[in-house]
Amino acid sequence: GCSTDDNGAGARLLVASTTSTYDSGLFDALLPAFKAAHPDYDVVVNAVGTGEALKLGESCDADVLLVHAPAAEQEFVDAGFGVERRRIMYNDFVIVGPENDAAGVASADSAAEAFARIAAGGFGFVSRGDDSGTNKAELRIWESAGLEPSDGWYRTVGQGMGATLRIALETGAEGAYTLADRGTFLSMRENLPGMAILFEGDPALYNQYSAVAVDPGHCPETDVAAAETFIEWLESDAGQQTIADFGVDRYGRSLFVPNAGD
Amino acid sequence: MGVLIKASQIRHAYDGRSVLNIEDLEVMRGETLCLLGPNGAGKSTLVRILNLVEAPDSGSVLFEGKPVKPGCLSTRRRMAGVFQHPHIFRGSVRDNVAYGLKLRRLPRREVAALTDDALEQLALEGLGHRDARRLSRGEAQRVALARAVVVRPEVLFLDEPAGNLDAAARRRFLDDLRRIVRRLDTTVIHVTHSLDEALSTGDRIAIIKDGAIRQAGPARQVYNSPADIFTARFLGYENILPGTVVGEAAGGAVVELADGGRVYTRSRMRGDVNVCIRAEEVTLHPPGEAEQVAATANRFPGIIWTVEPSGSAHSLVLDCGFELVATATRPYVQELGLVPGAEVEVRFDEAAAQLVPARVPRGQAGAAACGEGETVRERA
Amino acid sequence: MGVLIKASQIRHAYDGRSVLNIEDLEVMRGETLCLLGPNGAGKSTLVRILNLVEAPDSGSVLFEGKPVKPGCLSTRRRMAGVFQHPHIFRGSVRDNVAYGLKLRRLPRREVAALTDDALEQLALEGLGHRDARRLSRGEAQRVALARAVVVRPEVLFLDEPAGNLDAAARRRFLDDLRRIVRRLDTTVIHVTHSLDEALSTGDRIAIIKDGAIRQAGPARQVYNSPADIFTARFLGYENILPGTVVGEAAGGAVVELADGGRVYTRSRMRGDVNVCIRAEEVTLHPPGEAEQVAATANRFPGIIWTVEPSGSAHSLVLDCGFELVATATRPYVQELGLVPGAEVEVRFDEAAAQLVPARVPRGQAGAAACGEGETVRERA
Amino acid sequence: MLRESVSEAVRLLLTDAEVWSIILRSLLVSGTAVLMAGLVGIPLGVVIGMHRFRGRGPLVSVINTGMALPPVVVGLVVFMLLSRSGPLGSLGLLYSKQAMVVAQLVLAVPLVLGITVSGVSSVPREALTQARSLGASWLQTALVAVSEARVLLLVAIVAGMGRVIAEVGAVMMVGGNITGETQVMTTAIMEEVRKGNFAPALALGIILLTIAFAANGLMARLEQRTIDT
Amino acid sequence: MLRESVSEAVRLLLTDAEVWSIILRSLLVSGTAVLMAGLVGIPLGVVIGMHRFRGRGPLVSVINTGMALPPVVVGLVVFMLLSRSGPLGSLGLLYSKQAMVVAQLVLAVPLVLGITVSGVSSVPREALTQARSLGASWLQTALVAVSEARVLLLVAIVAGMGRVIAEVGAVMMVGGNITGETQVMTTAIMEEVRKGNFAPALALGIILLTIAFAANGLMARLEQRTIDT
Ligand SMILES: Nc1ncnc2c1ncn2[C@@H]1O[C@H](COP(=O)(O)OP(=O)(O)OP(=O)(O)O)[C@@H](O)[C@H]1O
Ligand SMILES: Nc1ncnc2c1ncn2[C@@H]1O[C@H](COP(=O)(O)OP(=O)(O)OP(=O)(O)O)[C@@H](O)[C@H]1O
Ligand SMILES: [Mg+2]
Ligand SMILES: [Mg+2]
């Protein structure tokens with residue numbers, strides 16, 4: 001046997017996370033800090049799509065969800081699967097695309113306008129199309145722009161953020177536009193030559209992450225105490241500080257802004 | 001010395017074609033039973049069924065009076081078979097020969113000793129460590145033989161065991177076989193196409209054709225008294241002369257041949273018959289030679305048509321009114337001056353003239369109508 | 001009628017063991033060359049090499065004077081082979097027989113006609129549509145034969161073609177073969193373990209042992225004049241009597257046998273020899289019988305030791321001072337009253353007494369020392 | 001869940017034109033890849049299987065190793081080749097069916113090749129010798145080998161098809177699962193799973209298996225028609 | 001990129017203990033799965049291959065269909081079984097190596113079974129008849145079949161190992177790619193690819209292939225030692 005394989009003595013807490021959070025490397029910072037504070041608990045992270053994460057919660061195969069799809073989360077809680085949504089942090093979505101920005105997205109006044117410019121010119125746009133928080137935010141923006149994206153220039157890929165970014169990079173002669181969460185984009189930036197953040201700052205691009213503990217009424221086996229301890233730690237100053245510090249050394253700024261209790 | 005194996009009502013079909021239909025066959029303990037028959041007669045199929053490696057569609061095989069099925073390992077372990085195209089197992093010659101012994105979980109030392117014996121018996125000593133898959137056919141055949149005799153089976157099945165053996169090896173194997181059989185009281189079922197082999201090894205002979213047994217009995221008796229025209233041809237009777245029984249003399253029928261001439265026999269039969277005489281039973285004499293001790297009533301003046309060397313003997317065709325085939329070894333041909341056109345006196349013993357009915361009995365007529373033995377002879 | 005195939009300096013080894021070492025072998029156009037030899041002698045290997053389906057390690061095969069390699073399709077298409085264990089292709093009997101014709105892209109109608117012919121020739125008409133993989137061994141062998149003759153090859157290779165054939169089919173095939181060969185002027189290389197077969201089909205015989213040709217020549221000549229003690233045994237000389245040449249008479253050597261007795265021969269040789277006499281060349285006569293036309297100086301009084309039926313003849317062992325084996329057919333045994341203990345006069349022709357050197361010539365001694373033919377005979 | 005999925009499968013087949021186009025695309029892409037793998041792998045496998053030559057052992061090891069090629073890595077390599085910055089970028093093949101065919105081809109070839117080689121290797125040499133002796137050219141001899149090893153060649157094709165049609169990593173990478181363009185059954189299943197829609201994912205799986213079963217049945221029947229044993 | 005990846009591979013092997021534990025885990029999980037698949041698939045395949053019985057044709061079709069089982073679907077079904085809300089949830093096996101073994105077992109069995117069945121089917125019947133005639137029990141006869149078909153049994157194992165060790169969909173679903181617990185080579189590759197770190201992904205792929213190649217070489221040598229031809 002291999003010692004790293006052995007489960008520690010402590011309780012095992014299953015966290016279902018979206019790939020965007022996981023792939024940014026946030027958990028690599030969070031888990032050691034949590035372990036230092038609560039050595040009795042072993043947190044394991046399962047990186048899946050938002051939809052799958054909710055499904056894992058529903059089938060009791062996760063104890064805590066860390067997701068960013070407010071409406072779906074609320075449904076989850078309302079259905080009695082989750083205890084409550086607890087805000088942990090936010091970051092924002094950004095519109096990214098080829099540096100030369102043929103559609104002129106950079107000069108748009110709003111996200112909706114930026115999308116409208118892309119649509120008008122029929123420039124390539126890649127949609128995640130996977131019902132993730134990012135995807136839902138994107139669809140809301142199209143709606144607010146009053147547009148129905150159509151075939152040809154608009155491509156739905158049903159994949160995670162990383163894959164979607166890469167497809168956007170490789171689409172067409174120059175690359176295509178897409179909506180990404182800042183964290184993932186920044187963490188992948190060096191692998192995305194020629195792509196840049198073209199539009200940011202619109203309130204419509206706000207991206208809230210919440211933690212949801214699975215309801216012990218629905219899942220008797222879930223370790224309520226562990227889940228509560230983990231979420232409370234995330235909300236604690238220590239947890240919030242860890243989130244705030246994450247990425248500063250590497251990207252020069254935080255990838256996530258802690259906002260528990262706001 | 002009772003019945004060891006008894007097969008009754010064995011029916012077997014392949015792809016819906018019936019290939020075996022044995023009413024009743026008994027194999028005595030300790031005897032050697034030779035199976036003879038044309039290609040495709042069902043000999044190999046019968047062997048596989050008696051060897052309990054294939055189940056017949058219907059019918060039963062009794063071993064020591066008890067019905068046995070292919071599943072019965074304990075009975076199967078008292079038998080061993082050499083099939084017509086023996087399958088050689090992967091491994092060395094030794095491995096192959098030791099196979100049956102290992103299956104029986106004999107102690108290692110015994111396996112080694114018995115294997116050495118068997119290898120020696122078939123002159124395979126030098127080949128023990130060779131890859132058994134890379135032998136010549138004849139060598140492989142010997143491995144198959146060694147592999148079967150090494151387990152000292154109570155019943156040994158041999159399906160053309162001497163095919164591909166060179167003359168010396170064949171002779172030696174048949175000698176050894178006789179010795180083994182006598183010593184170990186082995187029961188042998190031996191399929192062969194060689195009448196000589198059957199006569200030299202077989203206590204009894206069964207002739208099988210179209211899946212059915214046409215004649216069975218002690219070897220010499222079958223050899224000397226064919227039951228019908230098919231078996232006569234099959235047993236190598238070169239002369240089969242149609243005729244009619246016209247009377248009786250000296251305890252046998254007198255036959256008027258269709259082509260003229262009168263033949264005296266020791267058999268009793270009526271109506272239309274065929275007179276069957278082996279070529280080697282016909283002796284040739286200088287015309288008017290002094291009477292010998294064993295006189296015979298069957299003496300005909302004849303003229304030699306053709307003389308052809310055939311192997312170690314010569315084959316002669318004579319005109320005695322009817323056509324007759326005789327054989328003679330070279331010295332006799334030379335001594336008697338047997339050349340085409342020569343006049344000779346032809347004799348054959350009354351006992352050598354066997355009668356068979358002119359027609360195959362009703363029940364078998366259909367089967368015999370397309371018999372290969374016949375068509376071949378007719379075309380020749 | 002010149003040389004069609006010439007093989008020289010052919011060497012071949014399997015797994016580092018030399019199995020073939022042919023100095024020189026010529027096959028004449030239109031002839032039938034029979035290859036005889038013990039198991040494992042290398043016959044099949046030689047056939048594969050001459051048939052251009054296997055390349056020898058070294059040496060060359062010339063066809064019509066030109067060197068040919070296995071790659072040479074045009075030459076290969078003028079040949080066809082029936083191997084010792086013929087591989088039957090998937091499909092019906094017809095498919096198998098038509099295979100070679102289809103390979104040559106003959107028109108469909110011609111394929112059908114030729115196939116029908118070949119099926120008929122081997123009495124396979126009824127089996128045309130049967131699955132060729134589900135035949136009895138003998139039937140399969142016939143398919144293999146039909147498949148090779150149907151392409152009317154200029155050179156036909158037959159490696160034990162008659163193994164597994166029933167007696168009638170074998171006779172018919174050999175007859176047909178002779179006919180085909182005569183009509184189409186086919187060159188045949190025929191491997192067999194049957195001396196009779198070799199004598200009845202072969203124009204020439206080559207005896208091969210341990211990969212080398214020990215004797216080759218016209219069939220009857222090889223049959224009648226063995227070159228050494230190995231070939232003598234291999235050719236079935238039952239009597240091999242050691243002795244010493246003591247003089248000359250009537251153009252041949254006079255041999256004093258080691259066991260006593262003086263044999264007159266037609267051969268010339270000196271020193272220690274073996275006198276080889278076939279059993280069927282020995283004739284038995286009532287003691288004091290009147291002199292016949294073809295007199296011989298070799299006449300010995302003898303006493304019969306044993307008389308044993310062996311197939312269609314009887315085998316007799318006599319004491320004439322030395323031991324002698326003779327054969328006689330049943331009627332002669334009966335007529336002459338040949339029973340153990342009987343006294344007879346034994347005669348054999350001077351021409352029937354062949355001389356071979358007492359020892360195998362130096363160069364071959366090693367090879368012959370462990371010859372199977374010998375060990376087998378010595379043990380018997 | 002299973003009952004639910006079966007009825008979902010039926011519903012999808014009856015009502016969803018998109019599902020049909022995904023099925024057809026899957027069959028087209030994987031069918032093409034396996035066809036090409038067969039065209040490459042079978043002849044090559046027959047040649048390797050029929051001959052003994054130096055370096056054959058290591059070559060067979062390389063082929064067998066190819067069976068363990070991880071689809072993701074294959075996808076990655078094909079991606080890098082076809083990427084705009086890659087050597088074949090100018091072809092503009094990335095995120096196309098052609099790219100998926102290429103990736104699946106790379107995955108199918110070792111399996112087809114490996115099974116073919118061992119199938120043909122176990123054809124008795126007498127079969128080939130006999131064919132040559134009756135005048136078979138090199139190609140005609142090879143056809144005998146094919147005919148003798150046919151059951152295993154069929155298994156090679158079936159296993160190859162099984163590998164590629166069930167594979168998701170490579171096609172996802174080089175095809176991109178673009179709706180209406182490069183989405184195939186497995187990537188669609190993956191997408192549904194990601195979305196947490198397990199029932200339609202299972203439904204698609206059931207449809208895939210049904211198709212595979214039908215295809216196998218058809219093949220087996222075809223094989224039996226031309227052949228027996 | 002390739003050169004870069006090779007040196008990255010070497011660097012990972014030399015410096016990264018985590019990589020070694022991932023490799024060992026991969027081998028452990030897939031090795032166990034294939035071993036079990038062999039223990040199930042080979043005997044069963046030998047039995048099916050040796051006998052002719054009613055319904056054999058359809059059964060073989062089902063087995064062959066199993067080769068096209070999409071790993072994601074297998075993962076999904078195993079997930080549903082092992083899920084806490086599933087029938088076997090109480091075992092608590094989800095996101096464990098055991099769960100991955102189960103999923104890979106399901107994937108490997110049809111391949112091992114299918115190749116074994118066709119390999120054993122093509123063993124000449126005379127081999128079995130001859131063994132029986134010399135006194136082989138049922139089991140001893142089966143061993144003859146195994147020995148005759150050994151090359152294909154080896155290919156079956158190799159193909160099965162290839163299928164599972166390269167597979168990512170199922171282990172990802174039921175194992176969860178949990179660092180230090182259920183992360184295997186393919187899920188690690190997948191993660192790196194997702195993050196856009198192609199060089200380490202390729203490096204891991206190269207390591208995987210190197211291991212597979214070494215294993216194949218070893219197997220081939222073992223096979224040759226006991227056997228010839
Ligand atoms: N596996 C099989 N499938 C279908 N038919 C078969 C099978 N084996 C044998 N046969 C047929 O059954 C009949 C009897 O075959 P069998 O092998 O018993 O004959 P045999 O007497 O041994 O002939 P041979 O002297 O040629 O060896 C033949 O007509 C043969 O074609
Ligand atoms: N594939 C092979 N690999 C290794 N050795 C072989 C192979 N084939 C034949 N041999 C050996 O080569 C020698 C000659 O074999 P070959 O088959 O030519 O003999 P043969 O004269 O035809 O014998 P038989 O009368 O038994 O058919 C034998 O000692 C045999 O064991
Ligand atoms: Mg037979
Ligand atoms: Mg031979």
# chains A, B, ... in the order shown; residues from 1 in each chain; ligands from 1
$ residues_near_ligand --ligand "ligand 3" --cutoff "10 Å" --atoms "only C-alpha atoms and all ligand atoms" --output "list in words"
Gly37, Pro38, Asn39, Gly40, Ala41, Gly42, Lys43, Ser44, Thr45, Leu46, Val47, Arg48, Phe83, Gln84, His85, Asp159, Glu160, Val191, Thr192 and His193 of chain B; Leu135, Ser136, Arg137, Gly138, Glu139, Asn164, Leu165 and Asp166 of chain C
$ residues_around --residues "Gly25 (chain A)" --least-positions-apart "2" --cutoff "12 Å" --atoms "only C-alpha atoms" --output "number ranges by chain"
A: 17-23, 27-31, 45, 47, 183-184, 186-188, 243, 246-247, 250, 255-256; E: 191-192, 195
$ interface_residues --of "chain B" --to "chain E" --cutoff "6 Å" --atoms "only C-alpha atoms" --output "compact mmCIF listing (two decimals) with N, CA and C atoms, in the first residue's frame"
# COMPACT_ATOMS: atom_id res chain seq x y z
N VAL B 53 -15.83 -40.78 -26.73
CA VAL B 53 -15.47 -39.37 -26.87
C VAL B 53 -16.52 -38.61 -27.68
N ARG B 76 -13.67 -44.29 -19.38
CA ARG B 76 -12.85 -43.71 -20.44
C ARG B 76 -11.37 -43.90 -20.14
N ARG B 77 -11.03 -43.88 -18.85
CA ARG B 77 -9.62 -44.03 -18.47
C ARG B 77 -9.11 -45.45 -18.67
N ALA B 80 -7.93 -46.09 -24.64
CA ALA B 80 -7.09 -45.06 -25.26
C ALA B 80 -7.22 -45.22 -26.76
N GLY B 81 -7.08 -44.11 -27.46
CA GLY B 81 -7.29 -44.17 -28.90
C GLY B 81 -6.21 -43.45 -29.68
N HIS B 87 -3.89 -35.72 -33.22
CA HIS B 87 -3.55 -34.37 -32.82
C HIS B 87 -2.35 -34.44 -31.87
N GLY B 100 -1.03 -39.02 -21.10
CA GLY B 100 -2.07 -39.85 -20.48
C GLY B 100 -1.70 -40.28 -19.07
$ interface_residues --of "chain D" --to "chain A" --cutoff "8 Å" --atoms "only C-alpha atoms" --output "CSV table (one decimal) with all heavy atoms, in the first residue's frame"
chain,number,residue,atom,x,y,z
D,83,SER,N,-4.0,21.7,-34.2
D,83,SER,CA,-4.3,23.1,-33.7
D,83,SER,C,-3.7,24.1,-34.6
D,83,SER,O,-2.8,23.9,-35.4
D,83,SER,CB,-3.6,23.1,-32.3
D,83,SER,OG,-3.0,24.4,-32.1
D,84,ARG,N,-4.2,25.3,-34.5
D,84,ARG,CA,-3.8,26.4,-35.4
D,84,ARG,C,-2.3,26.6,-35.3
D,84,ARG,O,-1.7,26.9,-36.3
D,84,ARG,CB,-4.6,27.7,-35.0
D,84,ARG,CG,-4.6,28.6,-36.2
D,84,ARG,CD,-5.2,29.9,-35.9
D,84,ARG,NE,-6.6,29.8,-35.4
D,84,ARG,CZ,-7.1,30.3,-34.3
D,84,ARG,NH1,-6.3,31.0,-33.5
D,84,ARG,NH2,-8.4,30.2,-34.0
D,94,LEU,N,-9.5,21.0,-37.0
D,94,LEU,CA,-9.8,20.8,-35.6
D,94,LEU,C,-11.3,21.1,-35.4
D,94,LEU,O,-11.9,21.9,-36.2
D,94,LEU,CB,-9.0,21.8,-34.8
D,94,LEU,CG,-8.9,21.4,-33.3
D,94,LEU,CD1,-8.2,20.1,-33.2
D,94,LEU,CD2,-8.1,22.5,-32.5
D,95,TYR,N,-11.9,20.4,-34.5
D,95,TYR,CA,-13.3,20.4,-34.2
D,95,TYR,C,-14.2,20.1,-35.4
D,95,TYR,O,-15.1,20.7,-35.8
D,95,TYR,CB,-13.7,21.8,-33.6
D,95,TYR,CG,-12.9,22.2,-32.4
D,95,TYR,CD1,-12.2,23.4,-32.4
D,95,TYR,CD2,-12.8,21.3,-31.4
D,95,TYR,CE1,-11.4,23.7,-31.3
D,95,TYR,CE2,-12.0,21.6,-30.3
D,95,TYR,CZ,-11.3,22.8,-30.2
D,95,TYR,OH,-10.6,23.0,-29.2
D,173,MET,N,-11.9,15.9,-27.2
D,173,MET,CA,-10.9,16.8,-27.3
D,173,MET,C,-10.8,17.4,-28.7
D,173,MET,O,-10.6,18.6,-28.9
D,173,MET,CB,-9.5,16.2,-27.0
D,173,MET,CG,-9.3,16.0,-25.5
D,173,MET,SD,-7.6,15.9,-25.1
D,173,MET,CE,-7.2,17.6,-25.4
D,176,GLY,N,-14.8,18.4,-29.9
D,176,GLY,CA,-15.3,19.6,-29.2
D,176,GLY,C,-16.8,19.4,-28.8
D,176,GLY,O,-17.4,20.3,-28.2
D,177,ASN,N,-17.4,18.3,-29.2
D,177,ASN,CA,-18.8,18.1,-28.8
D,177,ASN,C,-19.7,19.3,-29.2
D,177,ASN,O,-20.6,19.7,-28.5
D,177,ASN,CB,-18.9,17.9,-27.3
D,177,ASN,CG,-20.3,17.5,-26.9
D,177,ASN,OD1,-21.1,16.8,-27.6
D,177,ASN,ND2,-20.8,18.0,-25.7
D,178,ILE,N,-19.4,19.8,-30.4
D,178,ILE,CA,-20.2,21.0,-30.8
D,178,ILE,C,-21.6,20.6,-31.3
D,178,ILE,O,-21.7,19.7,-32.2
D,178,ILE,CB,-19.5,21.7,-31.9
D,178,ILE,CG1,-18.1,22.3,-31.4
D,178,ILE,CG2,-20.3,22.9,-32.5
D,178,ILE,CD1,-17.2,22.8,-32.4
D,179,THR,N,-22.6,21.1,-30.7
D,179,THR,CA,-24.0,20.7,-31.0
D,179,THR,C,-24.2,20.8,-32.5
D,179,THR,O,-23.9,21.9,-33.1
D,179,THR,CB,-25.0,21.6,-30.2
D,179,THR,OG1,-24.5,21.6,-28.8
D,179,THR,CG2,-26.4,21.0,-30.3
D,191,GLU,N,-22.1,14.9,-21.7
D,191,GLU,CA,-22.7,16.2,-21.5
D,191,GLU,C,-23.9,16.1,-20.5
D,191,GLU,O,-24.0,16.9,-19.6
D,191,GLU,CB,-23.1,16.9,-22.8
D,191,GLU,CG,-23.7,18.3,-22.6
D,191,GLU,CD,-24.1,18.9,-23.9
D,191,GLU,OE1,-23.4,18.6,-24.9
D,191,GLU,OE2,-25.0,19.7,-23.9
D,193,VAL,N,-24.4,13.7,-18.4
D,193,VAL,CA,-23.9,13.4,-17.1
D,193,VAL,C,-23.4,14.6,-16.4
D,193,VAL,O,-23.8,14.9,-15.2
D,193,VAL,CB,-22.8,12.3,-17.2
D,193,VAL,CG1,-22.1,12.2,-15.9
D,193,VAL,CG2,-23.3,11.0,-17.6
D,194,ARG,N,-22.7,15.5,-17.1
D,194,ARG,CA,-22.2,16.7,-16.5
D,194,ARG,C,-23.3,17.6,-16.0
D,194,ARG,O,-23.2,18.3,-15.0
D,194,ARG,CB,-21.3,17.5,-17.5
D,194,ARG,CG,-19.9,17.0,-17.6
D,194,ARG,CD,-19.2,17.9,-18.7
D,194,ARG,NE,-19.4,19.3,-18.3
D,194,ARG,CZ,-18.6,19.9,-17.5
D,194,ARG,NH1,-17.6,19.4,-16.9
D,194,ARG,NH2,-18.9,21.2,-17.2
D,195,LYS,N,-24.4,17.5,-16.8
D,195,LYS,CA,-25.5,18.4,-16.4
D,195,LYS,C,-26.3,17.7,-15.3
D,195,LYS,O,-27.3,18.3,-14.8
D,195,LYS,CB,-26.4,18.6,-17.6
D,195,LYS,CG,-25.9,19.5,-18.7
D,195,LYS,CD,-26.9,19.6,-19.8
D,195,LYS,CE,-26.4,20.4,-21.0
D,195,LYS,NZ,-27.3,20.3,-22.1
D,196,GLY,N,-26.0,16.5,-15.0
D,196,GLY,CA,-26.7,15.8,-13.9
D,196,GLY,C,-28.0,15.1,-14.5
D,196,GLY,O,-28.8,14.6,-13.7
D,197,ASN,N,-28.1,15.1,-15.8
D,197,ASN,CA,-29.3,14.4,-16.4
D,197,ASN,C,-29.0,13.0,-16.6
D,197,ASN,O,-28.7,12.6,-17.8
D,197,ASN,CB,-29.7,15.1,-17.7
D,197,ASN,CG,-30.0,16.6,-17.5
D,197,ASN,OD1,-30.4,17.0,-16.4
D,197,ASN,ND2,-29.8,17.3,-18.5
$ interface_residues --of "chain E" --to "chain D" --cutoff "8 Å" --atoms "only C-alpha atoms" --output "PyMOL selection string"
chain E and resi 57-58+61-62+64-73+76+111+114-115+118-119+151-152+155+158-159+161-163+165-169+186+189-190+193+198+201-202+205+209+212-213+216-217+220
$ select_by_dssp --residues "region 103-171 of chain D" --states "helix (DSSP H, G or I)" --output "NGL selection string"
:D and (103-121 or 125-133 or 138-148 or 150-165 or 169-171)
$ write_last_selection --atoms "C-alpha atoms" --output "PDB file, in the first residue's frame"
ATOM      1  CA  ALA D 103      -8.282  10.213 -33.527  1.00  0.00           C
ATOM      2  CA  GLN D 104     -10.491   7.119 -33.565  1.00  0.00           C
ATOM      3  CA  LEU D 105      -8.411   5.643 -36.355  1.00  0.00           C
ATOM      4  CA  VAL D 106      -5.330   5.914 -34.183  1.00  0.00           C
ATOM      5  CA  LEU D 107      -7.216   4.167 -31.399  1.00  0.00           C
ATOM      6  CA  ALA D 108      -8.699   1.401 -33.542  1.00  0.00           C
ATOM      7  CA  VAL D 109      -5.643   0.436 -35.560  1.00  0.00           C
ATOM      8  CA  PRO D 110      -3.610  -1.221 -32.772  1.00  0.00           C
ATOM      9  CA  LEU D 111      -6.569  -3.318 -31.661  1.00  0.00           C
ATOM     10  CA  VAL D 112      -7.451  -4.441 -35.181  1.00  0.00           C
ATOM     11  CA  LEU D 113      -3.803  -5.017 -35.961  1.00  0.00           C
ATOM     12  CA  GLY D 114      -3.039  -6.895 -32.751  1.00  0.00           C
ATOM     13  CA  ILE D 115      -5.953  -9.305 -33.012  1.00  0.00           C
ATOM     14  CA  THR D 116      -5.364  -9.808 -36.748  1.00  0.00           C
ATOM     15  CA  VAL D 117      -1.698 -10.597 -36.243  1.00  0.00           C
ATOM     16  CA  SER D 118      -2.344 -13.226 -33.628  1.00  0.00           C
ATOM     17  CA  GLY D 119      -5.272 -14.656 -35.559  1.00  0.00           C
ATOM     18  CA  VAL D 120      -3.256 -14.999 -38.749  1.00  0.00           C
ATOM     19  CA  SER D 121      -0.223 -16.288 -36.847  1.00  0.00           C
ATOM     20  CA  ARG D 125       1.319 -23.152 -42.150  1.00  0.00           C
ATOM     21  CA  GLU D 126       0.060 -26.086 -44.195  1.00  0.00           C
ATOM     22  CA  ALA D 127      -2.873 -23.971 -45.303  1.00  0.00           C
ATOM     23  CA  LEU D 128      -0.529 -21.461 -46.892  1.00  0.00           C
ATOM     24  CA  THR D 129       1.842 -24.085 -48.250  1.00  0.00           C
ATOM     25  CA  GLN D 130      -1.065 -25.934 -49.803  1.00  0.00           C
ATOM     26  CA  ALA D 131      -2.402 -22.787 -51.425  1.00  0.00           C
ATOM     27  CA  ARG D 132       1.003 -21.965 -52.868  1.00  0.00           C
ATOM     28  CA  SER D 133       1.377 -25.468 -54.129  1.00  0.00           C
ATOM     29  CA  TRP D 138       1.284 -14.002 -52.854  1.00  0.00           C
ATOM     30  CA  LEU D 139      -2.027 -12.174 -52.633  1.00  0.00           C
ATOM     31  CA  GLN D 140      -4.092 -15.309 -53.131  1.00  0.00           C
ATOM     32  CA  THR D 141      -2.139 -16.977 -50.355  1.00  0.00           C
ATOM     33  CA  ALA D 142      -2.876 -14.022 -48.099  1.00  0.00           C
ATOM     34  CA  LEU D 143      -6.561 -14.417 -48.915  1.00  0.00           C
ATOM     35  CA  VAL D 144      -6.379 -17.993 -47.686  1.00  0.00           C
ATOM     36  CA  ALA D 145      -4.922 -16.710 -44.433  1.00  0.00           C
ATOM     37  CA  VAL D 146      -7.770 -14.216 -44.198  1.00  0.00           C
ATOM     38  CA  SER D 147     -10.349 -16.870 -44.843  1.00  0.00           C
ATOM     39  CA  GLU D 148      -8.849 -19.194 -42.245  1.00  0.00           C
ATOM     40  CA  ARG D 150     -11.958 -14.889 -40.534  1.00  0.00           C
ATOM     41  CA  VAL D 151     -13.625 -15.343 -37.150  1.00  0.00           C
ATOM     42  CA  LEU D 152     -10.816 -13.466 -35.474  1.00  0.00           C
ATOM     43  CA  LEU D 153     -10.769 -10.769 -38.122  1.00  0.00           C
ATOM     44  CA  LEU D 154     -14.417 -10.268 -37.342  1.00  0.00           C
ATOM     45  CA  VAL D 155     -13.631 -10.052 -33.650  1.00  0.00           C
ATOM     46  CA  ALA D 156     -10.890  -7.558 -34.517  1.00  0.00           C
ATOM     47  CA  ILE D 157     -13.369  -5.340 -36.305  1.00  0.00           C
ATOM     48  CA  VAL D 158     -15.983  -5.735 -33.583  1.00  0.00           C
ATOM     49  CA  ALA D 159     -13.447  -4.936 -30.871  1.00  0.00           C
ATOM     50  CA  GLY D 160     -12.155  -1.975 -32.866  1.00  0.00           C
ATOM     51  CA  MET D 161     -15.650  -0.639 -33.381  1.00  0.00           C
ATOM     52  CA  GLY D 162     -16.378  -1.248 -29.707  1.00  0.00           C
ATOM     53  CA  ARG D 163     -13.350   0.701 -28.724  1.00  0.00           C
ATOM     54  CA  VAL D 164     -14.026   3.769 -30.827  1.00  0.00           C
ATOM     55  CA  ILE D 165     -17.780   4.063 -30.673  1.00  0.00           C
ATOM     56  CA  GLY D 169     -11.880  11.294 -24.380  1.00  0.00           C
ATOM     57  CA  ALA D 170     -10.372  11.707 -27.813  1.00  0.00           C
ATOM     58  CA  VAL D 171     -13.470  12.808 -29.709  1.00  0.00           C
TER      59      VAL D 171
END
$ residues_around --residues "Ala204 (chain A)" --least-positions-apart "2" --cutoff "12 Å" --atoms "only C-alpha atoms" --output "ChimeraX atom specification"
/A:91-95,110-113,134,136-145,179,199-202,206-208
